[in-house]
Structure formats: C-alpha cells, structure tokens
Amino acid sequence: MSPEDFSFVADFLKKKSGISLTDDKTYLVESRLLPLARQHDLDDITGLVAAMKGGRGSLGDHESLMDDVLDAMTTNETFFFRDNKPFDAIRKDILPQLIERRKSAKSLRIWCAAASTGQEPYSIAMLLKEYGAQLNDWRLSILGTDVSGEALKRAEAGNYSQFEVQRGLPAQLLIKYLHKEEKYWMINSELKSMIRYKKLNLLSSFESLGKFDIVFCRNVLIYFEVETKRQILERISRQMPPDGILVLGSAETVLNVSDHFQLIPGLSGFYKINPAMS
C-alpha cells in the first residue's frame, strides 16, 4: 500500500468518524480493505482508493462504496462480557446504589456508545435480567449506537456463531437467553425487546438521545485524538444526570483529557460526573 493511498484513507476516516490512524497502522488498513476491494471487483487497494476518489459508477454506487470503507475500518472486535471485571463491578457496586436512588422512578437507561455487533448490549441485558426480583417491575432500556450500519444490522439480528458465543458467554447464560437454529445461536426476544439500536457517529450531537444512568464507552476513545476525546466526553456528560456513571475501557482514562468526570475510587474504568463542572 503506497503512502499516498494510506494518507487518503486516513484523511477520509478522520473526517467521517474522527478516528486517527497513525503511520504504523498500514497493516490494519490493508487487512480490512483488500477483501473489500475484491468484493467490489477491484484488483487491489490502489484501485479501491481510485474508485473512492473518482466516484466510479452512479452516485448511489459511490456512496455505497464509501459506506463500506467506513464500515470496514470502524467495526472493532468485541465479545460477550468483555474483560468481565466491569460487569462484576456493575452488579456488585453500581447497581445497588442506582437501584436505591431510582426506587421511586423504577427506571434505568443505559447507553452503549460503541455497540458494534451487539455483544456488549446483550451482555448488559443479561446482567440486568440476572439481577433478580429487585428489577422485575422496572423499565429497563438499553440504547446501542455505532457508526457502522453493517455492524448494527448484525446486532439487531442477534445471530452469533459457535465461535462467537464461546468467547466470554457462560454456558448457563447461553442456554437461558439464546437458542440454536442450524449453525447459529439466536438471542431470545425478551432480551431483544430491552435494546434499541441506532446508527450514530460520535462526532455528531447526542442531544436527541435523552439522559442515561450509565454510559458504556469502552475501547473506542483510544482511536481519537485528545481534542476529539475531550469534546466527546463533554457531550456525553450532558446526557447524564449528576449521579450518572461512565464506563471506559481498561486502557482508557479521562486524566489530562476531560475535567467533566472523576474516577470512582476503587473502581478502575468507572467515572462519575465532576460536581464542579455540572
């Protein structure tokens, strides 16, 4: 892949999604875009970039190609109960406090800001269902958003391969909340009814989404430059009540990025609204 082609793809990705590719990510671009080039009957990535530049075919075809490139470059690996510790902390430390504070409203709203193919939202839904009778008559809703339309289609379908369900999903939950149809495991309708999916670019406004008690924004901010991270975190803070909880990935932090959140002592990756900024 030529430096010129890499630069064009990197500029396109940053403009459309805010994701910043460093020069050492050439291998990533090649591995994701070469299969896409062949899918579009193009010989290589140089041909793909030329088609992106030249608007090959009809306007609709060109827009479809650009969407496919964005999907290929922004769909990140995910799996059920990823890292596990955040889910344990939600169950043991976060939910008991939120249940007490929300006992009159009996409502919880959760946002997965990088839902990808749906494993994280479904993991959260299982966690809530497993919590017990305390939440039986509550309104529990989860919003899963992602910039990739193709990833969201998979999330909405809720169909997963044997390999995918073996990655992090305990056997008892697999049997309880999924059923086998031919080669795939299907999420049951009860879990699906708890989740709404919506295509959303993290560079866009969040104002129409409403308020959320918990926001999962895990393993996505690492792809943005500091100023973009700061803007995203500030806009997320506006969608949360004063006692809302933000969950980031284990390799992510708000330190030297945003003053809108404070680390919750003893809970790595968990943040609360900074009272001084609210």
# chains A, B, ... in the order shown; residues from 1 in each chain; ligands from 1
>>> closest_atom_pairs(of="segment 64-118 of chain A", to="segment 214-218 of chain A", cutoff="8 Å", atoms="only C-alpha atoms", output="CSV")
residue,atom,partner,partner_atom,distance
A:Arg109,CA,A:Ile214,CA,6.8
A:Ile110,CA,A:Ile214,CA,4.9
A:Trp111,CA,A:Val215,CA,4.8
A:Cys112,CA,A:Phe216,CA,4.7
A:Ala113,CA,A:Cys217,CA,5.1
A:Ala114,CA,A:Cys217,CA,6.2
>>> select_by_dssp(residues="segment 27-124 of chain A", states="strand (DSSP E)", output="list in words")
Ser107, Leu108, Arg109, Ile110, Trp111 and Cys112 of chain A
>>> closest_residue(among="A:Ala115, A:Leu98, A:Ile124, A:Leu33", to="Pro241 of chain A", atoms="only C-alpha atoms")
A:Leu98
>>> residues_around(residues="Leu169 of chain A", least_positions_apart="5", cutoff="7 Å", atoms="only C-alpha atoms", output="MDAnalysis selection string")
chainID A and resid 80:81 174
>>> write_last_selection(atoms="C-alpha atoms", output="PDB file, in the first residue's frame")
ATOM      1  CA  PHE A  80     -19.697 -11.179  25.326  1.00  0.00           C
ATOM      2  CA  PHE A  81     -18.809  -9.899  28.826  1.00  0.00           C
ATOM      3  CA  LEU A 174     -26.104 -19.234  26.598  1.00  0.00           C
TER       4      LEU A 174
END
>>> closest_residue(among="A:His179, A:Ser17, A:Phe163, A:Phe270", to="Ala89 of chain A", atoms="only C-alpha atoms")
A:Phe270
>>> closest_residue(among="A:Gln134, A:Asn274, A:Gln119, A:Thr74", to="Lys192 of chain A", atoms="only C-alpha atoms")
A:Gln119
>>> residues_around(residues="Pro242 of chain A", least_positions_apart="3", cutoff="10 Å", atoms="only C-alpha atoms", output="PyMOL selection string")
chain A and resi 213+237-239+245+272-275+277-278
>>> write_last_selection(atoms="N, CA and C atoms", output="CSV table (one decimal), in the first residue's frame")
chain,number,residue,atom,x,y,z
A,213,ASP,N,-28.5,6.7,32.8
A,213,ASP,CA,-27.9,6.5,34.1
A,213,ASP,C,-26.5,5.9,34.1
A,237,SER,N,-21.2,13.9,29.0
A,237,SER,CA,-21.6,14.4,30.3
A,237,SER,C,-22.9,15.1,30.3
A,238,ARG,N,-23.3,15.7,29.2
A,238,ARG,CA,-24.5,16.5,29.1
A,238,ARG,C,-25.7,15.5,29.1
A,239,GLN,N,-25.5,14.3,28.7
A,239,GLN,CA,-26.6,13.3,28.6
A,239,GLN,C,-26.7,12.4,29.9
A,245,ILE,N,-23.1,7.3,35.7
A,245,ILE,CA,-21.9,6.6,35.7
A,245,ILE,C,-21.4,6.4,34.3
A,272,LYS,N,-17.5,9.2,37.6
A,272,LYS,CA,-18.7,10.0,37.9
A,272,LYS,C,-18.6,11.4,37.5
A,273,ILE,N,-19.7,12.1,37.4
A,273,ILE,CA,-19.7,13.5,37.0
A,273,ILE,C,-19.0,14.3,38.0
A,274,ASN,N,-18.1,15.2,37.5
A,274,ASN,CA,-17.4,16.1,38.4
A,274,ASN,C,-18.4,17.2,38.8
A,275,PRO,N,-18.7,17.3,40.1
A,275,PRO,CA,-19.7,18.3,40.6
A,275,PRO,C,-19.3,19.7,40.2
A,277,MET,N,-18.2,20.7,37.6
A,277,MET,CA,-18.5,21.0,36.1
A,277,MET,C,-19.9,20.9,35.8
A,278,SER,N,-20.8,20.5,36.7
A,278,SER,CA,-22.2,20.3,36.4
A,278,SER,C,-23.0,21.5,36.7
>>> closest_residue(among="A:Ala133, A:Ile94, A:Met126, A:Met194", to="Ile175 of chain A", atoms="only C-alpha atoms")
A:Met126
>>> atom_distance(atom1="atom CA of Lys229 of chain A", atom2="atom CA of Ile90 of chain A")
23.8 Å
>>> closest_residue(among="A:His62, A:Arg154, A:Lys129, A:Lys53", to="Asp5 of chain A", atoms="only C-alpha atoms")
A:Lys53
>>> closest_atom_pairs(of="segment 56-162 of chain A", to="segment 35-48 of chain A", cutoff="8 Å", atoms="only C-alpha atoms", output="JSON lines")
{"residue": "A:Asp68", "atom": "CA", "partner": "A:Leu36", "partner_atom": "CA", "distance": 7.7}
{"residue": "A:Val69", "atom": "CA", "partner": "A:Leu36", "partner_atom": "CA", "distance": 7.5}
{"residue": "A:Ala72", "atom": "CA", "partner": "A:Leu36", "partner_atom": "CA", "distance": 7.7}
>>> write_last_selection(atoms="N, CA and C atoms", output="PDB file, in the first residue's frame")
ATOM      1  N   ASP A  68     -19.121   1.357   2.791  1.00  0.00           N
ATOM      2  CA  ASP A  68     -18.478   0.071   3.025  1.00  0.00           C
ATOM      3  C   ASP A  68     -17.075   0.250   3.584  1.00  0.00           C
ATOM      4  N   VAL A  69     -16.344   1.245   3.070  1.00  0.00           N
ATOM      5  CA  VAL A  69     -14.999   1.525   3.585  1.00  0.00           C
ATOM      6  C   VAL A  69     -15.075   1.957   5.047  1.00  0.00           C
ATOM      7  N   ALA A  72     -15.859  -1.062   7.186  1.00  0.00           N
ATOM      8  CA  ALA A  72     -14.712  -1.967   7.303  1.00  0.00           C
ATOM      9  C   ALA A  72     -13.670  -1.436   8.277  1.00  0.00           C
TER      10      ALA A  72
END
